[in-house]
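Novice: Structure supplied as run-v5.pdb; contents: PDB, C-alpha atoms.
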```
ATOM      1  CA  MET A 272      74.395  54.454  69.872  1.00  0.00           C
ATOM      2  CA  SER A 273      76.359  51.734  68.183  1.00  0.00           C
ATOM      3  CA  PRO A 274      76.217  48.088  69.297  1.00  0.00           C
ATOM      4  CA  GLY A 275      78.578  47.390  72.166  1.00  0.00           C
ATOM      5  CA  TRP A 276      78.728  51.045  73.181  1.00  0.00           C
ATOM      6  CA  ASN A 277      78.498  51.347  76.943  1.00  0.00           C
ATOM      7  CA  MET A 278      77.677  54.596  78.709  1.00  0.00           C
ATOM      8  CA  ASN A 279      79.422  54.657  82.076  1.00  0.00           C
ATOM      9  CA  SER A 280      78.213  56.574  85.079  1.00  0.00           C
ATOM     10  CA  ALA A 281      79.702  59.975  85.807  1.00  0.00           C
ATOM     11  CA  PHE A 282      81.161  58.452  88.991  1.00  0.00           C
ATOM     12  CA  ASP A 283      82.931  55.463  87.334  1.00  0.00           C
ATOM     13  CA  PHE A 284      85.959  57.565  86.399  1.00  0.00           C
ATOM     14  CA  TRP A 285      86.479  58.619  90.031  1.00  0.00           C
ATOM     15  CA  ILE A 286      86.188  55.245  91.815  1.00  0.00           C
ATOM     16  CA  GLY A 287      89.363  54.628  93.813  1.00  0.00           C
ATOM     17  CA  GLU A 288      90.687  58.149  93.205  1.00  0.00           C
ATOM     18  CA  GLU A 289      91.304  60.907  95.735  1.00  0.00           C
ATOM     19  CA  VAL A 290      88.609  63.492  95.142  1.00  0.00           C
ATOM     20  CA  VAL A 291      86.848  66.533  96.502  1.00  0.00           C
ATOM     21  CA  VAL A 292      83.066  66.044  96.469  1.00  0.00           C
ATOM     22  CA  LYS A 293      81.067  69.284  96.522  1.00  0.00           C
ATOM     23  CA  LEU A 294      77.727  68.840  98.266  1.00  0.00           C
ATOM     24  CA  ASP A 295      74.451  70.742  98.463  1.00  0.00           C
ATOM     25  CA  LEU A 296      72.903  70.324 101.917  1.00  0.00           C
ATOM     26  CA  GLY A 297      70.004  72.711 101.471  1.00  0.00           C
ATOM     27  CA  GLN A 298      71.136  76.135 102.637  1.00  0.00           C
ATOM     28  CA  ILE A 299      74.639  74.795 103.221  1.00  0.00           C
ATOM     29  CA  LYS A 300      77.159  74.020 100.480  1.00  0.00           C
ATOM     30  CA  THR A 301      80.307  72.159 101.547  1.00  0.00           C
ATOM     31  CA  SER A 302      83.184  70.063 100.226  1.00  0.00           C
ATOM     32  CA  VAL A 303      84.407  66.687 101.481  1.00  0.00           C
ATOM     33  CA  ARG A 304      87.790  65.150 100.658  1.00  0.00           C
ATOM     34  CA  GLY A 305      88.060  61.409 100.285  1.00  0.00           C
ATOM     35  CA  SER A 306      88.037  58.462  97.926  1.00  0.00           C
ATOM     36  CA  ILE A 307      84.942  57.124  96.168  1.00  0.00           C
ATOM     37  CA  LEU A 308      84.693  53.425  96.977  1.00  0.00           C
ATOM     38  CA  GLU A 309      81.634  52.421  94.983  1.00  0.00           C
ATOM     39  CA  GLU A 310      78.498  53.613  93.302  1.00  0.00           C
ATOM     40  CA  ARG A 311      75.068  52.301  94.171  1.00  0.00           C
ATOM     41  CA  ALA A 312      71.681  52.994  92.591  1.00  0.00           C
ATOM     42  CA  ASP A 313      70.991  56.266  94.458  1.00  0.00           C
ATOM     43  CA  THR A 314      74.178  56.796  96.466  1.00  0.00           C
ATOM     44  CA  ILE A 315      77.960  56.748  96.411  1.00  0.00           C
ATOM     45  CA  MET A 316      80.189  55.375  99.165  1.00  0.00           C
ATOM     46  CA  LEU A 317      82.988  57.742 100.129  1.00  0.00           C
ATOM     47  CA  ARG A 318      85.895  57.042 102.487  1.00  0.00           C
ATOM     48  CA  ILE A 319      86.976  60.300 104.045  1.00  0.00           C
ATOM     49  CA  PHE A 320      90.603  60.595 105.033  1.00  0.00           C
ATOM     50  CA  ASP A 321      90.150  59.669 108.691  1.00  0.00           C
ATOM     51  CA  GLY A 322      88.962  56.238 107.482  1.00  0.00           C
ATOM     52  CA  THR A 323      85.243  56.809 108.029  1.00  0.00           C
ATOM     53  CA  GLU A 324      82.983  55.563 105.239  1.00  0.00           C
ATOM     54  CA  VAL A 325      79.898  57.621 104.446  1.00  0.00           C
ATOM     55  CA  GLU A 326      77.024  57.041 102.063  1.00  0.00           C
ATOM     56  CA  ILE A 327      76.019  60.160 100.112  1.00  0.00           C
ATOM     57  CA  TYR A 328      72.881  60.586  98.020  1.00  0.00           C
ATOM     58  CA  LYS A 329      73.769  61.359  94.395  1.00  0.00           C
ATOM     59  CA  THR A 330      71.171  64.133  94.370  1.00  0.00           C
ATOM     60  CA  MET A 331      73.301  66.011  96.945  1.00  0.00           C
ATOM     61  CA  VAL A 332      76.435  65.970  94.758  1.00  0.00           C
ATOM     62  CA  LEU A 333      77.118  69.210  92.907  1.00  0.00           C
ATOM     63  CA  ALA A 334      80.534  68.226  91.539  1.00  0.00           C
ATOM     64  CA  VAL A 335      83.433  65.818  91.873  1.00  0.00           C
ATOM     65  CA  GLU A 336      86.908  67.229  91.399  1.00  0.00           C
ATOM     66  CA  GLU A 337      90.388  65.800  91.451  1.00  0.00           C
ATOM     67  CA  GLY A 338      91.785  65.847  94.970  1.00  0.00           C
ATOM     68  CA  GLN A 339      95.051  67.564  95.659  1.00  0.00           C
ATOM     69  CA  ALA A 340      97.672  66.725  98.206  1.00  0.00           C
ATOM     70  CA  ARG A 341      97.648  69.022 101.205  1.00  0.00           C
ATOM     71  CA  THR A 342     100.881  70.917 101.361  1.00  0.00           C
ATOM     72  CA  PRO A 343     101.766  73.982 103.421  1.00  0.00           C
ATOM     73  CA  ARG A 344     100.881  76.246 100.468  1.00  0.00           C
ATOM     74  CA  ASN A 345      97.296  74.897 100.542  1.00  0.00           C
ATOM     75  CA  TYR A 346      96.742  76.197 104.060  1.00  0.00           C
ATOM     76  CA  PRO A 347      95.668  79.794 104.671  1.00  0.00           C
ATOM     77  CA  LEU A 348      98.249  82.059 106.267  1.00  0.00           C
ATOM     78  CA  THR A 349      97.677  82.820 109.940  1.00  0.00           C
ATOM     79  CA  ALA A 350      99.264  85.386 112.211  1.00  0.00           C
TER      80      ALA A 350
END
```
Any chance you could put this one into structure tokens?

Specialist:
Amino acid sequence: MSPGWNMNSAFDFWIGEEVVVKLDLGQIKTSVRGSILEERADTIMLRIFDGTEVEIYKTMVLAVEEGQARTPRNYPLTA
């Protein structure tokens, strides 16, 4: 590493952005839509779209992806 080079966290890029966080909850894998508010030592703070803020352990995060706006074409077709 060169002097002055700073390695940012993998979460820095996503702070303040709308994202989909993929989580591993043991036998359950799920996704949560929201906005990453901040990163802490072992957790991230996520505001889900109903306004609730949740703290998620980093070890549970499988991936963070760019969020997409929900439009009618994102919903499954129903009869």

Novice: Counting all atoms listed in the file, figure out which residue out of A:Val292, A:Val332, A:Ile319, A:Ile286 gets nearest to Ile307 of chain A.

Specialist: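 For Ile307 of chain A, the nearest of the candidates is A:Ile286.
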
Novice: Which is closer to Ala334 of chain A than all the others in A:Ser302, A:Asp283, A:Gly297, A:Met316, using only C-alpha atoms?

Specialist: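 Closest to Ala334 of chain A, using only C-alpha atoms: A:Ser302.
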
Novice: Could you list, as a PyMOL selection string, every residue matched by the PyMOL selection byres ((chain A and resi 331) around 8) in this structure?

Specialist: chain A and resi 294-296+327-330+332-333

Novice: Write out the residues from the selection above, keeping C-alpha atoms, as a compact mmCIF listing (two decimals), in the coordinates of the input.

Specialist:
```txt
# COMPACT_ATOMS: atom_id res chain seq x y z
CA LEU A 294 77.73 68.84 98.27
CA ASP A 295 74.45 70.74 98.46
CA LEU A 296 72.90 70.32 101.92
CA ILE A 327 76.02 60.16 100.11
CA TYR A 328 72.88 60.59 98.02
CA LYS A 329 73.77 61.36 94.40
CA THR A 330 71.17 64.13 94.37
CA VAL A 332 76.44 65.97 94.76
CA LEU A 333 77.12 69.21 92.91
```

Novice: When you draw a straight line from atom CA of Ser306 of chain A to atom CA of Val291 of chain A, how long is it in Å?

Specialist: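 Taking atom CA of Ser306 of chain A as the start and atom CA of Val291 of chain A as the end point, the length is 8.3 Å.
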
Novice: Grab the atom CA of Asp321 of chain A to atom CA of Ala281 of chain A distance for me, in Å with one decimal place.

Specialist: 25.2 Å

Novice: Under the rule that all atoms listed in the file are counted, which of A:Val325, A:Leu317, A:Lys293, A:Gly305 is the nearest residue to Gly338 of chain A?

Specialist: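 Checking each candidate against Gly338 of chain A, we get A:Gly305 as the closest.
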
Novice: How many Å separate atom CA of Glu337 of chain A from atom CA of Asn279 of chain A?

Specialist: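 Between atom CA of Glu337 of chain A and atom CA of Asn279 of chain A the gap works out to 18.2 Å.
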
Novice: Restricting the calculation to only C-alpha atoms, which member of A:Thr323, A:Val335, A:Phe282, A:Val290 is positioned closest to Arg304 of chain A?

Specialist: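 Of A:Thr323, A:Val335, A:Phe282, A:Val290, the one nearest Arg304 of chain A, counting only C-alpha atoms, is A:Val290.
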
Novice: Could you give me the centre and size, in Å to one decimal, of an axis-aligned box around all listed atoms of segment 299-305 of chain A with 6 Å added on every side, as lines of an AutoDock Vina configuration file?

Specialist:
```
center_x = 81.3
center_y = 68.1
center_z = 101.7
size_x = 25.4
size_y = 25.4
size_z = 15.0
```

Novice: Determine the nearest neighbour of Glu326 of chain A from the options A:Thr301, A:Ser280, A:Gln339, A:Ala312, counting only C-alpha atoms.

Specialist: A:Ala312

Novice: Could you model N, CA and C atoms for segment 309-326 of chain A and present them as a PDB file, keeping the file's coordinate frame?

Specialist:
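Output saved as selection_14.pdb:
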```
ATOM      1  N   GLU A 309      82.549  53.094  95.900  1.00  0.00           N
ATOM      2  CA  GLU A 309      81.634  52.421  94.983  1.00  0.00           C
ATOM      3  C   GLU A 309      80.425  53.292  94.716  1.00  0.00           C
ATOM      4  N   GLU A 310      79.732  52.936  93.671  1.00  0.00           N
ATOM      5  CA  GLU A 310      78.498  53.613  93.302  1.00  0.00           C
ATOM      6  C   GLU A 310      77.355  52.632  93.452  1.00  0.00           C
ATOM      7  N   ARG A 311      76.286  53.100  94.034  1.00  0.00           N
ATOM      8  CA  ARG A 311      75.068  52.301  94.171  1.00  0.00           C
ATOM      9  C   ARG A 311      73.966  52.988  93.376  1.00  0.00           C
ATOM     10  N   ALA A 312      72.772  52.453  93.404  1.00  0.00           N
ATOM     11  CA  ALA A 312      71.681  52.994  92.591  1.00  0.00           C
ATOM     12  C   ALA A 312      71.444  54.480  92.853  1.00  0.00           C
ATOM     13  N   ASP A 313      71.310  54.876  94.117  1.00  0.00           N
ATOM     14  CA  ASP A 313      70.991  56.266  94.458  1.00  0.00           C
ATOM     15  C   ASP A 313      72.078  56.959  95.265  1.00  0.00           C
ATOM     16  N   THR A 314      73.151  56.240  95.592  1.00  0.00           N
ATOM     17  CA  THR A 314      74.178  56.796  96.466  1.00  0.00           C
ATOM     18  C   THR A 314      75.581  56.457  95.972  1.00  0.00           C
ATOM     19  N   ILE A 315      76.553  57.134  96.573  1.00  0.00           N
ATOM     20  CA  ILE A 315      77.960  56.748  96.411  1.00  0.00           C
ATOM     21  C   ILE A 315      78.524  56.509  97.812  1.00  0.00           C
ATOM     22  N   MET A 316      79.488  55.617  97.904  1.00  0.00           N
ATOM     23  CA  MET A 316      80.189  55.375  99.165  1.00  0.00           C
ATOM     24  C   MET A 316      81.524  56.110  99.089  1.00  0.00           C
ATOM     25  N   LEU A 317      81.779  56.932 100.092  1.00  0.00           N
ATOM     26  CA  LEU A 317      82.988  57.742 100.129  1.00  0.00           C
ATOM     27  C   LEU A 317      83.740  57.446 101.410  1.00  0.00           C
ATOM     28  N   ARG A 318      85.050  57.195 101.294  1.00  0.00           N
ATOM     29  CA  ARG A 318      85.895  57.042 102.487  1.00  0.00           C
ATOM     30  C   ARG A 318      86.615  58.364 102.686  1.00  0.00           C
ATOM     31  N   ILE A 319      86.276  59.060 103.768  1.00  0.00           N
ATOM     32  CA  ILE A 319      86.976  60.300 104.045  1.00  0.00           C
ATOM     33  C   ILE A 319      88.312  59.953 104.681  1.00  0.00           C
ATOM     34  N   PHE A 320      89.218  60.913 104.732  1.00  0.00           N
ATOM     35  CA  PHE A 320      90.603  60.595 105.033  1.00  0.00           C
ATOM     36  C   PHE A 320      90.888  60.134 106.452  1.00  0.00           C
ATOM     37  N   ASP A 321      89.916  60.234 107.358  1.00  0.00           N
ATOM     38  CA  ASP A 321      90.150  59.669 108.691  1.00  0.00           C
ATOM     39  C   ASP A 321      89.769  58.193 108.733  1.00  0.00           C
ATOM     40  N   GLY A 322      89.314  57.650 107.575  1.00  0.00           N
ATOM     41  CA  GLY A 322      88.962  56.238 107.482  1.00  0.00           C
ATOM     42  C   GLY A 322      87.472  55.956 107.584  1.00  0.00           C
ATOM     43  N   THR A 323      86.688  56.970 107.916  1.00  0.00           N
ATOM     44  CA  THR A 323      85.243  56.809 108.029  1.00  0.00           C
ATOM     45  C   THR A 323      84.625  56.670 106.649  1.00  0.00           C
ATOM     46  N   GLU A 324      83.702  55.725 106.503  1.00  0.00           N
ATOM     47  CA  GLU A 324      82.983  55.563 105.239  1.00  0.00           C
ATOM     48  C   GLU A 324      81.597  56.158 105.382  1.00  0.00           C
ATOM     49  N   VAL A 325      81.212  56.988 104.417  1.00  0.00           N
ATOM     50  CA  VAL A 325      79.898  57.621 104.446  1.00  0.00           C
ATOM     51  C   VAL A 325      79.174  57.361 103.131  1.00  0.00           C
ATOM     52  N   GLU A 326      77.862  57.238 103.240  1.00  0.00           N
ATOM     53  CA  GLU A 326      77.024  57.041 102.063  1.00  0.00           C
ATOM     54  C   GLU A 326      76.358  58.378 101.745  1.00  0.00           C
TER      55      GLU A 326
END
```
